[in-house]
Amino acid sequence: MINHLRGIIFLIFIIPGTIAGQYPDSGPDYQNIFLNNPGLTGSEGAAGIRLSYLNYYPGYGYNLFSGVLICDGYIPSLHGGAGFFLSNDYMGGIINDLHGGFSYAYHFQAGRGLYISAGLSASLYHRGYNFSGSVLPDQIDPAGSIKFPPGEALTSEGKNVLDLATGFLFMAGRFFWGISVSHLTQPGLDDGENTGGRLGRMILFHGAGEFDIDTEKNLKLRPVGNCELKKGYFSAGAGAVFESKFLSVSGLIFGDKEKNIDLQAGFSLDTGNLEIFYKYRFNLASGSNILPFSLLHQTGIALSLNNVEKRKISRTINYPDL
């Protein structure tokens, strides 16, 4: 019975919330950011692989999680960066989104001290369904028992859709900032009659800086910020990362249109070629009083494969460790 109730909660609250604007994204996550801004592809120079796992609403048994694999690097013969990504969004055992694609960014120098990277990504979404064991509201009779079969037949047929994204990255001095537009094709992951199932275009603004704290340049302070705009949805966040040679800690605060205020803390351990990272986000205040206290946690590893020579026509940056 508990599993049936979880299915009801998921269908009533989680799915409509996602369609209405709750984007399955972890904010300014520079471990996976070129998923949202292809302009960052290869901007770190060295080729690398990142694996991460995100668990949404941990501890509540909703069974919502995502796994992400990305690989990118700077390729001199292409005058830019290239990479691929694969993600799996598992939503309550009912919906499963597989998302994979390729990204390319052209790097060039636009002026004295100003470098620009222009990127484009193409990907394929596959949405699959599994309605076995789920319960809809019309299956519950007045006495509270469950009746089978449901009054409405549900199809488990999957769907494949194409998605495109574009973005730009600007680098000057101690700062870099970017802008991107995701879901250019506004892919409809549900059936054609359900317009609410379309992923609306999302505009992302993000930026970060780097300041040395000590004369040996082993300690750094990295201010970061981002803003997401989407039809019916708005969120913004800001914070900072304190970095040493091997250890980094971060703290950020977020707010959105629904008057939710979230706090995120994280850390990473970096040995040079291998980085291990973790972050946790929780809700301080909820405008709708629906969000639980624990929102998400993420863990993963980043593996550097090789180093490349920095060229005058391009510039490499170090992402904030968050």
# chains A, B, ... in the order shown; residues from 1 in each chain; ligands from 1
>>> residues_around(residues="Arg198 (chain A)", least_positions_apart="6", cutoff="9 Å", atoms="only C-alpha atoms", output="list in words")
Ile19, Gln186, Pro187, Gly188, Leu189 and Asp190 of chain A
>>> write_last_selection(atoms="C-alpha atoms", output="mmCIF file, in the first residue's frame")
data_model
loop_
_atom_site.group_PDB
_atom_site.id
_atom_site.type_symbol
_atom_site.label_atom_id
_atom_site.label_comp_id
_atom_site.auth_asym_id
_atom_site.auth_seq_id
_atom_site.Cartn_x
_atom_site.Cartn_y
_atom_site.Cartn_z
ATOM 1 C CA ILE A 19 5.834 20.143 -16.441
ATOM 2 C CA GLN A 186 11.002 22.745 -27.647
ATOM 3 C CA PRO A 187 10.850 18.947 -27.764
ATOM 4 C CA GLY A 188 7.555 17.337 -26.750
ATOM 5 C CA LEU A 189 8.405 14.354 -24.589
ATOM 6 C CA ASP A 190 4.753 13.344 -24.154
#
>>> select_by_dssp(residues="region 66-305 of chain A", states="helix (DSSP H, G or I)", output="ChimeraX atom specification")
/A:76-78,137-139,195-197
>>> residues_around(residues="region 68-77 of chain A", least_positions_apart="2", cutoff="7 Å", atoms="only C-alpha atoms", output="MDAnalysis selection string")
chainID A and resid 41:43 45:53 66 79:88
>>> write_last_selection(atoms="N, CA and C atoms", output="CSV table (one decimal), in the first residue's frame")
chain,number,residue,atom,x,y,z
A,41,THR,N,32.2,23.9,-23.9
A,41,THR,CA,32.8,22.7,-24.3
A,41,THR,C,34.3,22.9,-24.6
A,42,GLY,N,35.1,22.1,-24.0
A,42,GLY,CA,36.6,22.2,-24.2
A,42,GLY,C,37.3,23.4,-23.6
A,43,SER,N,36.5,24.2,-22.8
A,43,SER,CA,37.1,25.5,-22.4
A,43,SER,C,38.1,25.3,-21.3
A,45,GLY,N,40.5,23.1,-21.6
A,45,GLY,CA,41.7,22.7,-22.3
A,45,GLY,C,41.9,21.2,-22.2
A,46,ALA,N,42.3,20.7,-21.1
A,46,ALA,CA,42.6,19.3,-20.9
A,46,ALA,C,41.3,18.4,-21.1
A,47,ALA,N,41.5,17.3,-21.8
A,47,ALA,CA,40.3,16.4,-22.0
A,47,ALA,C,40.0,15.8,-20.7
A,48,GLY,N,38.8,15.5,-20.4
A,48,GLY,CA,38.4,15.0,-19.1
A,48,GLY,C,37.1,14.2,-19.2
A,49,ILE,N,36.9,13.4,-18.2
A,49,ILE,CA,35.6,12.6,-18.1
A,49,ILE,C,35.0,12.9,-16.7
A,50,ARG,N,33.7,13.1,-16.7
A,50,ARG,CA,33.0,13.4,-15.4
A,50,ARG,C,31.8,12.4,-15.3
A,51,LEU,N,31.8,11.8,-14.1
A,51,LEU,CA,30.6,11.0,-13.8
A,51,LEU,C,30.0,11.5,-12.5
A,52,SER,N,28.7,11.7,-12.5
A,52,SER,CA,28.0,12.2,-11.3
A,52,SER,C,26.6,11.6,-11.2
A,53,TYR,N,26.2,11.5,-9.9
A,53,TYR,CA,24.9,11.0,-9.5
A,53,TYR,C,24.2,12.0,-8.7
A,66,SER,N,19.3,11.0,-11.0
A,66,SER,CA,19.8,11.2,-12.4
A,66,SER,C,21.3,10.7,-12.3
A,79,HIS,N,40.0,23.8,-33.8
A,79,HIS,CA,40.0,25.2,-33.3
A,79,HIS,C,39.0,25.4,-32.2
A,80,GLY,N,38.7,24.4,-31.5
A,80,GLY,CA,37.8,24.5,-30.4
A,80,GLY,C,37.6,23.2,-29.6
A,81,GLY,N,36.5,23.1,-28.9
A,81,GLY,CA,36.3,21.9,-28.0
A,81,GLY,C,35.2,21.1,-28.6
A,82,ALA,N,35.3,19.8,-28.3
A,82,ALA,CA,34.3,18.8,-28.7
A,82,ALA,C,34.0,17.9,-27.5
A,83,GLY,N,32.8,17.4,-27.5
A,83,GLY,CA,32.5,16.4,-26.4
A,83,GLY,C,31.2,15.7,-26.6
A,84,PHE,N,30.9,14.8,-25.8
A,84,PHE,CA,29.6,14.1,-25.8
A,84,PHE,C,29.1,13.9,-24.4
A,85,PHE,N,27.8,13.6,-24.2
A,85,PHE,CA,27.2,13.5,-22.9
A,85,PHE,C,26.1,12.5,-23.0
A,86,LEU,N,25.8,11.9,-21.8
A,86,LEU,CA,24.8,10.9,-21.7
A,86,LEU,C,24.2,11.0,-20.3
A,87,SER,N,22.9,11.2,-20.2
A,87,SER,CA,22.3,11.3,-18.9
A,87,SER,C,21.0,10.4,-18.8
A,88,ASN,N,20.7,10.0,-17.6
A,88,ASN,CA,19.5,9.1,-17.4
A,88,ASN,C,18.8,9.7,-16.2
>>> residues_around(residues="Ala118 (chain A)", least_positions_apart="3", cutoff="8 Å", atoms="only C-alpha atoms", output="list in words")
Pro38, Gly39, Ala105, Tyr106, His107, Thr166, Gly167, Phe168 and Leu169 of chain A
>>> closest_residue(among="A:Asn160, A:Asp29, A:Asn289, A:Cys227", to="Gln264 (chain A)", atoms="only C-alpha atoms")
A:Asp29
>>> residues_around(residues="Leu322 (chain A)", least_positions_apart="4", cutoff="7 Å", atoms="only C-alpha atoms", output="PyMOL selection string")
chain A and resi 29-31+250+266
>>> write_last_selection(atoms="C-alpha atoms", output="PDB file, in the first residue's frame")
ATOM      1  CA  ASP A  29      26.860  22.873 -11.597  1.00  0.00           C
ATOM      2  CA  TYR A  30      30.199  23.409 -13.340  1.00  0.00           C
ATOM      3  CA  GLN A  31      30.859  19.678 -13.305  1.00  0.00           C
ATOM      4  CA  SER A 250      31.430  26.168  -1.581  1.00  0.00           C
ATOM      5  CA  GLY A 266      29.604  21.341  -1.091  1.00  0.00           C
TER       6      GLY A 266
END
>>> residues_around(residues="Tyr56 (chain A)", least_positions_apart="2", cutoff="9 Å", atoms="only C-alpha atoms", output="list in words")
Pro24, Leu54, Pro58, Tyr62, Asn63, Leu64, Phe65, Ser66, Ser294, Leu295, Leu296, His297 and Gln298 of chain A
>>> atom_distance(atom1="CA of Gln109 (chain A)", atom2="CA of Thr316 (chain A)")
11.8 Å
